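*Asks:* Sharing a structure with you now.
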Amino acid sequence: MKLRRFNWSALDAPQRNALLQRPAVTADARIAAIVDDIVRQVRTDGDAALLSLTAELDKVTLDTVAVPKSQIDSACEQLSESDRNAIQVAIRNVRIFHEAQVTQPIDVETSPGVRCERIARPIGAVGLYVPSGSAPLPSAAIMMAVPADIAGCPQRILCAPPRADGTVDPSILYVASLTGISEVFSVGGAQAIAAMAYGTETVPRVSKIFGPGNAYVAQAKSMVASDPNGAAQDLPAGPSEVLVIADQTARADVVAADLLSQAEHGPDSQVVLLATDAGLIDEVQTALAQQLGELPRREIATQALTHSMLILVDSIEDAVNISNDYAPEHLIVNTSNARALLPSITNAGSVFLGPWTPESLGDYCSGTNHVLPTYGFARNFSGLGIEQFQRLMTIQEASEQGLHGLGPVAQTLARLEGLTAHERAVAVRVAPR
């Protein structure tokens, strides 16, 4: 198949704006109604609802959703040595990068005798959701479990859909064992989100839920996050996406491989190429057709490519400006001296510089986190990091001298706002006795 092809300079402003619109989000009123019913069932019937929904939706009959600790501990025995080594290396690199993010306390004297501080506290209970739709995602478990561990969250639980035999994939369990997660539950979909948000007889209630998922999971996370009695969510997100900026130095087969690596995620994924060379676009089209035919997930990738595009631009500067407007989840810069463009890149979830940096490295093992804002949310949200597993708390302490010096300022501002009790809280302390 051929991707849609455009010449940016030949488009007017409305056409350019329309071109950068994402495919329609799949969540609709029907999905919202289904999720609302699932959440209601779990809140009302707890474990019984989880077992019933798992039998109905996953076609798996369970006696309990709790995964025995013995099964977690023995997961390594079901993996090859190379599998275990790859997981260990990925965890090590993610840990190194995220340990560097640990929030340092702030302690300053803003006025004589007035001390202000800011310190971090871990979120007390977090729930990690690891989808296993068409394939298990141990990488997702790594990206959430490692920063949760570093942040020091006292309670960390993990939910993942059961396989046909009722067990959770051993690669996911192995990640749990290596990152100190001892509470794992064999439950998926919107019912897992509801269980973590409100708690059941078996699944503990958490304060915040992390993790990717399908439209039902996304809807459930949004629903419980809007409920004061529910649980906060990590990031607003839509289908996966990548934007590639390439010049005449880029190899067409590499660019095609990068585009397809994202297209195979799901039918709603979107891939975009911004290239300064028309000949490169021709070669990428040919390489895409060849590589697509070799993919086991070619049907999924083909659907994604129907709303993806190849765009010819006049300059790399134009490409960067377009990318900043689009705000991609993943941005690959495959140009000569790619790092020189970094200061002008403002909106992207994660950036991959140069011809030797495939997005796959960030997905799995470079050390950066692959839980990222999509659908343009990279304009105002960051990817997952230590800070999302923490709360920042401020502290102030004034001496008697400090209050005498700064108190009149507070009194004046309180009078301006007509808040007499605020003024009096200072006055009673500094008045002669």
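Residue numbering restarts at 1 for every chain of the structure tokens, chains are lettered A, B, ... in their displayed order, and ligands are numbered from 1 as they appear.
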At most 8 Å is the cut-off: for each residue in region 104-126 of chain A with any atom that close to an atom of region 190-212 of chain A, write down the nearest atom pair and the distance in Å rounded to one decimal, counting only C-alpha atoms, chain first then increasing number, as a Markdown table.

*Replies:*
```
| residue | atom | partner | partner_atom | distance |
| --- | --- | --- | --- | --- |
| A:Ile123 | CA | A:Ser207 | CA | 7.3 |
| A:Gly124 | CA | A:Ser207 | CA | 7.1 |
| A:Ala125 | CA | A:Val206 | CA | 4.7 |
| A:Val126 | CA | A:Lys208 | CA | 5.1 |
```

*Asks:* With C-alpha atoms retained, export the selected residues as an mmCIF file, in the first residue's frame.

*Replies:*
```cif
data_model
loop_
_atom_site.group_PDB
_atom_site.id
_atom_site.type_symbol
_atom_site.label_atom_id
_atom_site.label_comp_id
_atom_site.auth_asym_id
_atom_site.auth_seq_id
_atom_site.Cartn_x
_atom_site.Cartn_y
_atom_site.Cartn_z
ATOM 1 C CA ILE A 123 2.465 8.221 47.135
ATOM 2 C CA GLY A 124 1.348 5.652 49.680
ATOM 3 C CA ALA A 125 -0.317 3.105 47.392
ATOM 4 C CA VAL A 126 0.038 2.820 43.612
#
```

*Asks:* Which residues are close to region 110-117 of chain A, i.e. within 12 Å by only C-alpha atoms, leaving aside same-chain residues fewer than 3 positions away? Reply as a list of chain:residue names.

*Replies:*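 What passes the distance filter is A:Gln104, A:Pro105, A:Ile106, A:Asp107, A:Ala120, A:Leu392, A:Met393, A:Thr394, A:Ile395, A:Gln396, A:Glu397, A:Ala398, A:Ser399, A:Glu400, A:Gln401, A:Gly402, A:Leu403, A:His404, A:Gly405, A:Leu406, A:Gly407, A:Val409.
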
*Asks:* Excluding region 162-179 of chain A and its own-chain neighbours fewer than 2 positions away, which residues fall within 10 Å of it when counting only C-alpha atoms? Please give them as a PyMOL selection string.

*Replies:* chain A and resi 54+58-65+67-69+71-79+83-84+87-88+91+130-133+135-142+144-150+156-160+181-188

*Asks:* Within 10 Å of region 314-320 of chain A, which residues of region 221-290 of chain A show up? Give each one with its shortest atom-to-atom distance in Å (one decimal) and the two atoms involved, counting only C-alpha atoms, rows by chain then rising residue number, as a Markdown table.

*Replies:*
```
| residue | atom | partner | partner_atom | distance |
| --- | --- | --- | --- | --- |
| A:Val244 | CA | A:Ala319 | CA | 9.3 |
| A:Ile245 | CA | A:Ala319 | CA | 6.5 |
| A:Ala246 | CA | A:Ile316 | CA | 8.0 |
| A:Asp247 | CA | A:Ile316 | CA | 7.5 |
| A:Leu273 | CA | A:Ala319 | CA | 9.3 |
| A:Leu274 | CA | A:Ala319 | CA | 5.9 |
| A:Ala275 | CA | A:Ala319 | CA | 7.5 |
| A:Thr276 | CA | A:Ser315 | CA | 5.8 |
| A:Asp277 | CA | A:Asp314 | CA | 8.5 |
```

*Asks:* Please, which residues of region 212-377 of chain A, numbered as in this document, come out strand (DSSP E) from DSSP, as number ranges by chain?

*Replies:* A: 232-233, 241-246, 270-275, 309-312, 330-334, 350-353

*Asks:* Go ahead and dump the residues you just picked, N, CA and C atoms, as a compact mmCIF listing (two decimals), in the first residue's frame.

*Replies:*
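Saved file result38.txt follows:
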```
# COMPACT_ATOMS: atom_id res chain seq x y z
N ALA A 232 -6.37 8.71 41.24
CA ALA A 232 -5.77 9.56 40.21
C ALA A 232 -5.16 8.69 39.11
N GLN A 233 -4.96 9.28 37.93
CA GLN A 233 -4.33 8.56 36.83
C GLN A 233 -3.01 9.22 36.46
N GLU A 241 2.17 6.86 18.61
CA GLU A 241 2.51 7.61 17.40
C GLU A 241 4.01 7.89 17.35
N VAL A 242 4.50 8.08 16.12
CA VAL A 242 5.88 8.50 15.93
C VAL A 242 5.92 9.48 14.77
N LEU A 243 6.79 10.48 14.89
CA LEU A 243 7.07 11.41 13.81
C LEU A 243 8.56 11.34 13.53
N VAL A 244 8.92 11.17 12.26
CA VAL A 244 10.32 11.09 11.85
C VAL A 244 10.67 12.31 11.01
N ILE A 245 11.74 13.00 11.39
CA ILE A 245 12.30 14.08 10.58
C ILE A 245 13.55 13.52 9.90
N ALA A 246 13.61 13.60 8.56
CA ALA A 246 14.73 13.00 7.83
C ALA A 246 15.20 13.93 6.71
N GLN A 270 -0.48 6.24 14.67
CA GLN A 270 -0.23 7.12 13.53
C GLN A 270 1.27 7.34 13.37
N VAL A 271 1.75 7.28 12.12
CA VAL A 271 3.16 7.54 11.84
C VAL A 271 3.24 8.64 10.78
N VAL A 272 4.21 9.53 10.97
CA VAL A 272 4.37 10.68 10.08
C VAL A 272 5.84 10.83 9.72
N LEU A 273 6.11 11.07 8.45
CA LEU A 273 7.46 11.38 7.99
C LEU A 273 7.48 12.80 7.45
N LEU A 274 8.43 13.61 7.93
CA LEU A 274 8.71 14.93 7.39
C LEU A 274 10.10 14.86 6.76
N ALA A 275 10.17 14.95 5.45
CA ALA A 275 11.43 14.79 4.74
C ALA A 275 11.69 15.97 3.82
N MET A 309 1.08 9.46 7.07
CA MET A 309 1.38 10.32 5.93
C MET A 309 2.87 10.57 5.77
N LEU A 310 3.26 10.87 4.54
CA LEU A 310 4.60 11.28 4.18
C LEU A 310 4.51 12.72 3.67
N ILE A 311 5.29 13.63 4.26
CA ILE A 311 5.16 15.05 3.93
C ILE A 311 6.51 15.59 3.47
N LEU A 312 6.52 16.19 2.30
CA LEU A 312 7.71 16.86 1.79
C LEU A 312 7.74 18.29 2.32
N HIS A 330 6.61 10.16 20.16
CA HIS A 330 8.00 9.85 19.85
C HIS A 330 8.45 10.71 18.67
N LEU A 331 9.61 11.31 18.77
CA LEU A 331 10.18 12.09 17.67
C LEU A 331 11.55 11.52 17.35
N ILE A 332 11.72 11.03 16.12
CA ILE A 332 13.02 10.53 15.65
C ILE A 332 13.61 11.58 14.71
N VAL A 333 14.83 12.04 15.01
CA VAL A 333 15.51 13.02 14.17
C VAL A 333 16.65 12.31 13.45
N ASN A 334 16.40 11.91 12.22
CA ASN A 334 17.38 11.17 11.42
C ASN A 334 17.97 12.11 10.37
N SER A 350 9.31 12.00 23.81
CA SER A 350 10.68 11.52 23.90
C SER A 350 11.34 11.68 22.53
N VAL A 351 12.61 12.09 22.53
CA VAL A 351 13.31 12.41 21.29
C VAL A 351 14.44 11.40 21.08
N PHE A 352 14.59 10.96 19.83
CA PHE A 352 15.61 9.97 19.46
C PHE A 352 16.50 10.61 18.39
N LEU A 353 17.75 10.88 18.76
CA LEU A 353 18.64 11.65 17.91
C LEU A 353 19.58 10.76 17.09
```

*Asks:* Provide the CA of Pro373 (chain A) to CA of Met143 (chain A) distance in Å, to one decimal place.

*Replies:* 14.0 Å

*Asks:* Write out as a VMD selection string the residues lying within 9 Å of Gln262 (chain A), counting only C-alpha atoms and excluding same-chain residues fewer than 3 positions away.

*Replies:* chain A and resid 240 to 242 257 to 259 265 to 266 269 to 271 301 304 359

*Asks:* As a compact mmCIF listing (two decimals) with all heavy atoms, in the first residue's frame, please: the residues near region 419-426 of chain A (cut-off 9 Å, only C-alpha atoms, same-chain neighbours under 3 positions excluded).

*Replies:*
```
# COMPACT_ATOMS: atom_id res chain seq x y z
N LEU A 403 8.73 36.67 62.21
CA LEU A 403 7.35 37.11 62.14
C LEU A 403 7.23 38.61 62.34
O LEU A 403 6.43 39.28 61.67
CB LEU A 403 6.49 36.36 63.17
CG LEU A 403 5.00 36.70 63.13
CD1 LEU A 403 4.41 36.35 61.76
CD2 LEU A 403 4.23 36.00 64.23
N HIS A 404 8.03 39.17 63.26
CA HIS A 404 7.98 40.62 63.46
C HIS A 404 8.41 41.36 62.19
O HIS A 404 7.89 42.43 61.88
CB HIS A 404 8.89 41.02 64.64
CG HIS A 404 8.22 40.89 65.97
ND1 HIS A 404 7.40 41.86 66.50
CD2 HIS A 404 8.25 39.88 66.88
CE1 HIS A 404 6.95 41.48 67.69
NE2 HIS A 404 7.46 40.27 67.95
N GLY A 407 5.63 39.85 59.23
CA GLY A 407 4.21 39.84 59.57
C GLY A 407 3.43 41.05 59.05
O GLY A 407 2.30 40.89 58.55
N PRO A 408 3.98 42.27 59.14
CA PRO A 408 3.23 43.43 58.63
C PRO A 408 2.85 43.30 57.15
O PRO A 408 1.82 43.82 56.73
CB PRO A 408 4.20 44.59 58.87
CG PRO A 408 5.02 44.16 60.05
CD PRO A 408 5.21 42.69 59.87
N ALA A 410 2.06 40.47 55.61
CA ALA A 410 0.89 39.59 55.60
C ALA A 410 -0.35 40.33 56.09
O ALA A 410 -1.44 40.17 55.52
CB ALA A 410 1.15 38.36 56.48
N GLN A 411 -0.20 41.18 57.12
CA GLN A 411 -1.34 41.94 57.64
C GLN A 411 -1.88 42.89 56.58
O GLN A 411 -3.11 43.02 56.40
CB GLN A 411 -0.92 42.71 58.90
CG GLN A 411 -0.68 41.82 60.11
CD GLN A 411 -0.20 42.63 61.30
OE1 GLN A 411 0.94 43.09 61.33
NE2 GLN A 411 -1.07 42.83 62.28
N THR A 412 -0.98 43.58 55.89
CA THR A 412 -1.42 44.52 54.86
C THR A 412 -2.18 43.80 53.74
O THR A 412 -3.24 44.25 53.29
CB THR A 412 -0.21 45.26 54.27
OG1 THR A 412 0.42 46.02 55.31
CG2 THR A 412 -0.63 46.20 53.15
N LEU A 413 -1.64 42.69 53.26
CA LEU A 413 -2.30 41.95 52.19
C LEU A 413 -3.63 41.37 52.66
O LEU A 413 -4.60 41.32 51.90
CB LEU A 413 -1.37 40.83 51.69
CG LEU A 413 -0.10 41.32 50.97
CD1 LEU A 413 0.83 40.15 50.68
CD2 LEU A 413 -0.48 42.03 49.67
N ALA A 414 -3.70 40.95 53.93
CA ALA A 414 -4.97 40.45 54.46
C ALA A 414 -6.02 41.55 54.47
O ALA A 414 -7.20 41.31 54.15
CB ALA A 414 -4.76 39.88 55.87
N ARG A 415 -5.63 42.78 54.85
CA ARG A 415 -6.58 43.90 54.85
C ARG A 415 -7.05 44.20 53.44
O ARG A 415 -8.23 44.50 53.21
CB ARG A 415 -5.94 45.14 55.49
CG ARG A 415 -5.84 45.07 57.01
CD ARG A 415 -5.52 46.44 57.61
NE ARG A 415 -4.21 46.93 57.19
CZ ARG A 415 -3.07 46.70 57.84
NH1 ARG A 415 -3.09 45.97 58.95
NH2 ARG A 415 -1.92 47.19 57.42
N LEU A 416 -6.12 44.13 52.47
CA LEU A 416 -6.50 44.38 51.07
C LEU A 416 -7.56 43.39 50.61
O LEU A 416 -8.43 43.72 49.79
CB LEU A 416 -5.27 44.28 50.16
CG LEU A 416 -4.28 45.45 50.21
CD1 LEU A 416 -3.03 45.12 49.40
CD2 LEU A 416 -4.95 46.73 49.68
N ARG A 429 0.02 37.41 67.67
CA ARG A 429 1.36 36.90 67.99
C ARG A 429 2.36 38.02 68.27
O ARG A 429 3.27 37.87 69.11
CB ARG A 429 1.88 36.03 66.84
CG ARG A 429 1.24 34.65 66.74
CD ARG A 429 1.75 33.91 65.50
NE ARG A 429 1.48 32.48 65.53
CZ ARG A 429 0.35 31.93 65.14
NH1 ARG A 429 -0.63 32.71 64.70
NH2 ARG A 429 0.20 30.62 65.19
N VAL A 430 2.22 39.13 67.57
CA VAL A 430 3.23 40.19 67.69
C VAL A 430 2.82 41.30 68.67
O VAL A 430 3.65 42.16 68.99
CB VAL A 430 3.51 40.82 66.31
CG1 VAL A 430 4.05 39.77 65.35
CG2 VAL A 430 2.27 41.48 65.72
N ALA A 431 1.58 41.27 69.15
CA ALA A 431 1.12 42.31 70.07
C ALA A 431 1.83 42.17 71.41
O ALA A 431 2.09 41.06 71.88
CB ALA A 431 -0.39 42.21 70.26
```

*Asks:* What does the distance from CA of Cys365 (chain A) to CA of Val255 (chain A) come to in Å, to one decimal?

*Replies:*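 A separation of 20.5 Å between them.
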
*Asks:* Could you write out, as a ChimeraX atom specification, all the residues of region 233-328 of chain A that DSSP marks as helix (DSSP H, G or I)?

*Replies:* /A:252-263,278-292,298-305,316-326

*Asks:* Excluding Asp37 (chain A) and any residue of its chain fewer than 6 positions from it, enumerate the residues within 12 Å of it, using only C-alpha atoms, and give them as a PyMOL selection string.

*Replies:* chain A and resi 30-31+43-45+49+53+190-191+194+216+219-220+223

*Asks:* Kindly save the residues from that selection, with all heavy atoms included, as an mmCIF file, in the first residue's frame.

*Replies:*
```cif
data_model
loop_
_atom_site.group_PDB
_atom_site.id
_atom_site.type_symbol
_atom_site.label_atom_id
_atom_site.label_comp_id
_atom_site.auth_asym_id
_atom_site.auth_seq_id
_atom_site.Cartn_x
_atom_site.Cartn_y
_atom_site.Cartn_z
ATOM 1 N N ARG A 30 -20.842 4.374 23.624
ATOM 2 C CA ARG A 30 -21.056 2.944 23.866
ATOM 3 C C ARG A 30 -20.015 2.390 24.834
ATOM 4 O O ARG A 30 -20.333 1.680 25.784
ATOM 5 C CB ARG A 30 -21.003 2.179 22.544
ATOM 6 C CG ARG A 30 -21.222 0.665 22.674
ATOM 7 C CD ARG A 30 -21.033 -0.037 21.344
ATOM 8 N NE ARG A 30 -19.671 0.103 20.848
ATOM 9 C CZ ARG A 30 -18.666 -0.697 21.233
ATOM 10 N NH1 ARG A 30 -18.879 -1.659 22.118
ATOM 11 N NH2 ARG A 30 -17.459 -0.516 20.740
ATOM 12 N N ILE A 31 -18.740 2.742 24.596
ATOM 13 C CA ILE A 31 -17.665 2.282 25.478
ATOM 14 C C ILE A 31 -17.843 2.859 26.872
ATOM 15 O O ILE A 31 -17.670 2.158 27.875
ATOM 16 C CB ILE A 31 -16.292 2.660 24.887
ATOM 17 C CG1 ILE A 31 -16.015 1.825 23.640
ATOM 18 C CG2 ILE A 31 -15.184 2.465 25.914
ATOM 19 C CD1 ILE A 31 -14.721 2.165 22.947
ATOM 20 N N ARG A 43 -17.577 -2.226 42.065
ATOM 21 C CA ARG A 43 -17.796 -1.504 43.325
ATOM 22 C C ARG A 43 -18.836 -2.191 44.185
ATOM 23 O O ARG A 43 -18.737 -2.190 45.428
ATOM 24 C CB ARG A 43 -18.239 -0.063 43.043
ATOM 25 C CG ARG A 43 -17.197 0.805 42.382
ATOM 26 C CD ARG A 43 -17.605 2.261 42.368
ATOM 27 N NE ARG A 43 -17.540 2.866 43.706
ATOM 28 C CZ ARG A 43 -17.751 4.149 43.966
ATOM 29 N NH1 ARG A 43 -18.032 4.978 42.961
ATOM 30 N NH2 ARG A 43 -17.673 4.622 45.180
ATOM 31 N N THR A 44 -19.814 -2.806 43.543
ATOM 32 C CA THR A 44 -20.908 -3.440 44.294
ATOM 33 C C THR A 44 -20.554 -4.852 44.754
ATOM 34 O O THR A 44 -20.799 -5.220 45.911
ATOM 35 C CB THR A 44 -22.176 -3.499 43.427
ATOM 36 O OG1 THR A 44 -22.524 -2.175 43.020
ATOM 37 C CG2 THR A 44 -23.337 -4.120 44.193
ATOM 38 N N ASP A 45 -19.963 -5.654 43.859
ATOM 39 C CA ASP A 45 -19.788 -7.082 44.145
ATOM 40 C C ASP A 45 -18.343 -7.507 44.354
ATOM 41 O O ASP A 45 -18.092 -8.691 44.618
ATOM 42 C CB ASP A 45 -20.402 -7.905 43.000
ATOM 43 C CG ASP A 45 -21.902 -7.660 42.862
ATOM 44 O OD1 ASP A 45 -22.561 -7.435 43.890
ATOM 45 O OD2 ASP A 45 -22.404 -7.681 41.720
ATOM 46 N N ALA A 49 -17.491 -10.001 41.213
ATOM 47 C CA ALA A 49 -17.604 -9.342 39.909
ATOM 48 C C ALA A 49 -16.338 -9.564 39.087
ATOM 49 O O ALA A 49 -16.414 -9.801 37.873
ATOM 50 C CB ALA A 49 -17.863 -7.846 40.100
ATOM 51 N N LEU A 53 -16.554 -11.291 35.519
ATOM 52 C CA LEU A 53 -16.153 -10.531 34.330
ATOM 53 C C LEU A 53 -14.965 -11.183 33.619
ATOM 54 O O LEU A 53 -14.874 -11.162 32.392
ATOM 55 C CB LEU A 53 -15.801 -9.097 34.732
ATOM 56 C CG LEU A 53 -16.988 -8.217 35.128
ATOM 57 C CD1 LEU A 53 -16.520 -6.965 35.864
ATOM 58 C CD2 LEU A 53 -17.807 -7.834 33.900
ATOM 59 N N ALA A 190 -11.087 -2.902 32.130
ATOM 60 C CA ALA A 190 -11.689 -1.877 32.988
ATOM 61 C C ALA A 190 -11.935 -2.391 34.393
ATOM 62 O O ALA A 190 -11.899 -1.622 35.364
ATOM 63 C CB ALA A 190 -12.994 -1.397 32.359
ATOM 64 N N GLN A 191 -12.185 -3.715 34.525
ATOM 65 C CA GLN A 191 -12.442 -4.280 35.851
ATOM 66 C C GLN A 191 -11.205 -4.197 36.742
ATOM 67 O O GLN A 191 -11.316 -4.020 37.963
ATOM 68 C CB GLN A 191 -12.956 -5.713 35.748
ATOM 69 C CG GLN A 191 -12.049 -6.694 35.038
ATOM 70 C CD GLN A 191 -12.332 -6.781 33.549
ATOM 71 O OE1 GLN A 191 -12.765 -5.808 32.924
ATOM 72 N NE2 GLN A 191 -12.093 -7.955 32.971
ATOM 73 N N ALA A 194 -11.050 -0.570 37.998
ATOM 74 C CA ALA A 194 -12.053 -0.361 39.041
ATOM 75 C C ALA A 194 -11.628 -1.012 40.352
ATOM 76 O O ALA A 194 -11.807 -0.435 41.442
ATOM 77 C CB ALA A 194 -13.400 -0.918 38.583
ATOM 78 N N TYR A 216 -11.136 0.806 26.578
ATOM 79 C CA TYR A 216 -11.911 0.517 27.790
ATOM 80 C C TYR A 216 -11.096 0.853 29.039
ATOM 81 O O TYR A 216 -11.624 1.423 30.007
ATOM 82 C CB TYR A 216 -12.333 -0.951 27.799
ATOM 83 C CG TYR A 216 -13.268 -1.304 26.670
ATOM 84 C CD1 TYR A 216 -12.781 -1.738 25.444
ATOM 85 C CD2 TYR A 216 -14.651 -1.181 26.817
ATOM 86 C CE1 TYR A 216 -13.630 -2.047 24.391
ATOM 87 C CE2 TYR A 216 -15.523 -1.492 25.776
ATOM 88 C CZ TYR A 216 -14.998 -1.920 24.563
ATOM 89 O OH TYR A 216 -15.842 -2.214 23.518
ATOM 90 N N GLN A 219 -10.835 4.658 29.282
ATOM 91 C CA GLN A 219 -12.094 5.220 29.755
ATOM 92 C C GLN A 219 -12.260 4.989 31.251
ATOM 93 O O GLN A 219 -12.700 5.874 31.999
ATOM 94 C CB GLN A 219 -13.262 4.601 28.991
ATOM 95 C CG GLN A 219 -14.641 5.077 29.425
ATOM 96 C CD GLN A 219 -14.890 6.539 29.098
ATOM 97 O OE1 GLN A 219 -14.290 7.071 28.166
ATOM 98 N NE2 GLN A 219 -15.758 7.189 29.845
ATOM 99 N N ALA A 220 -11.886 3.799 31.712
ATOM 100 C CA ALA A 220 -12.010 3.478 33.138
ATOM 101 C C ALA A 220 -11.083 4.356 33.974
ATOM 102 O O ALA A 220 -11.475 4.854 35.044
ATOM 103 C CB ALA A 220 -11.698 2.005 33.368
ATOM 104 N N MET A 223 -12.573 7.716 34.192
ATOM 105 C CA MET A 223 -13.784 7.712 35.006
ATOM 106 C C MET A 223 -13.460 7.713 36.495
ATOM 107 O O MET A 223 -14.009 8.505 37.268
ATOM 108 C CB MET A 223 -14.635 6.491 34.645
ATOM 109 C CG MET A 223 -16.000 6.456 35.280
ATOM 110 S SD MET A 223 -16.983 5.055 34.668
ATOM 111 C CE MET A 223 -17.217 5.545 32.945
#
```

*Asks:* Restricting the calculation to only C-alpha atoms: of A:Ser344, A:Ala427, A:Gln290, A:Phe389, which residue gets closest to Gln155 (chain A)?

*Replies:* A:Phe389

*Asks:* What does the structure give for the distance between CA of Gln101 (chain A) and CA of Gly385 (chain A), in Å to one decimal?

*Replies:*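 These atoms are spaced 7.5 Å apart.
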
*Asks:* Identify which of the residues A:Pro122, A:Pro296, A:Pro236, A:Pro23 lies closest to Arg379 (chain A), counting only C-alpha atoms when measuring atom-to-atom distances.

*Replies:*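 Nearest candidate to Arg379 (chain A) out of A:Pro122, A:Pro296, A:Pro236, A:Pro23: A:Pro236.
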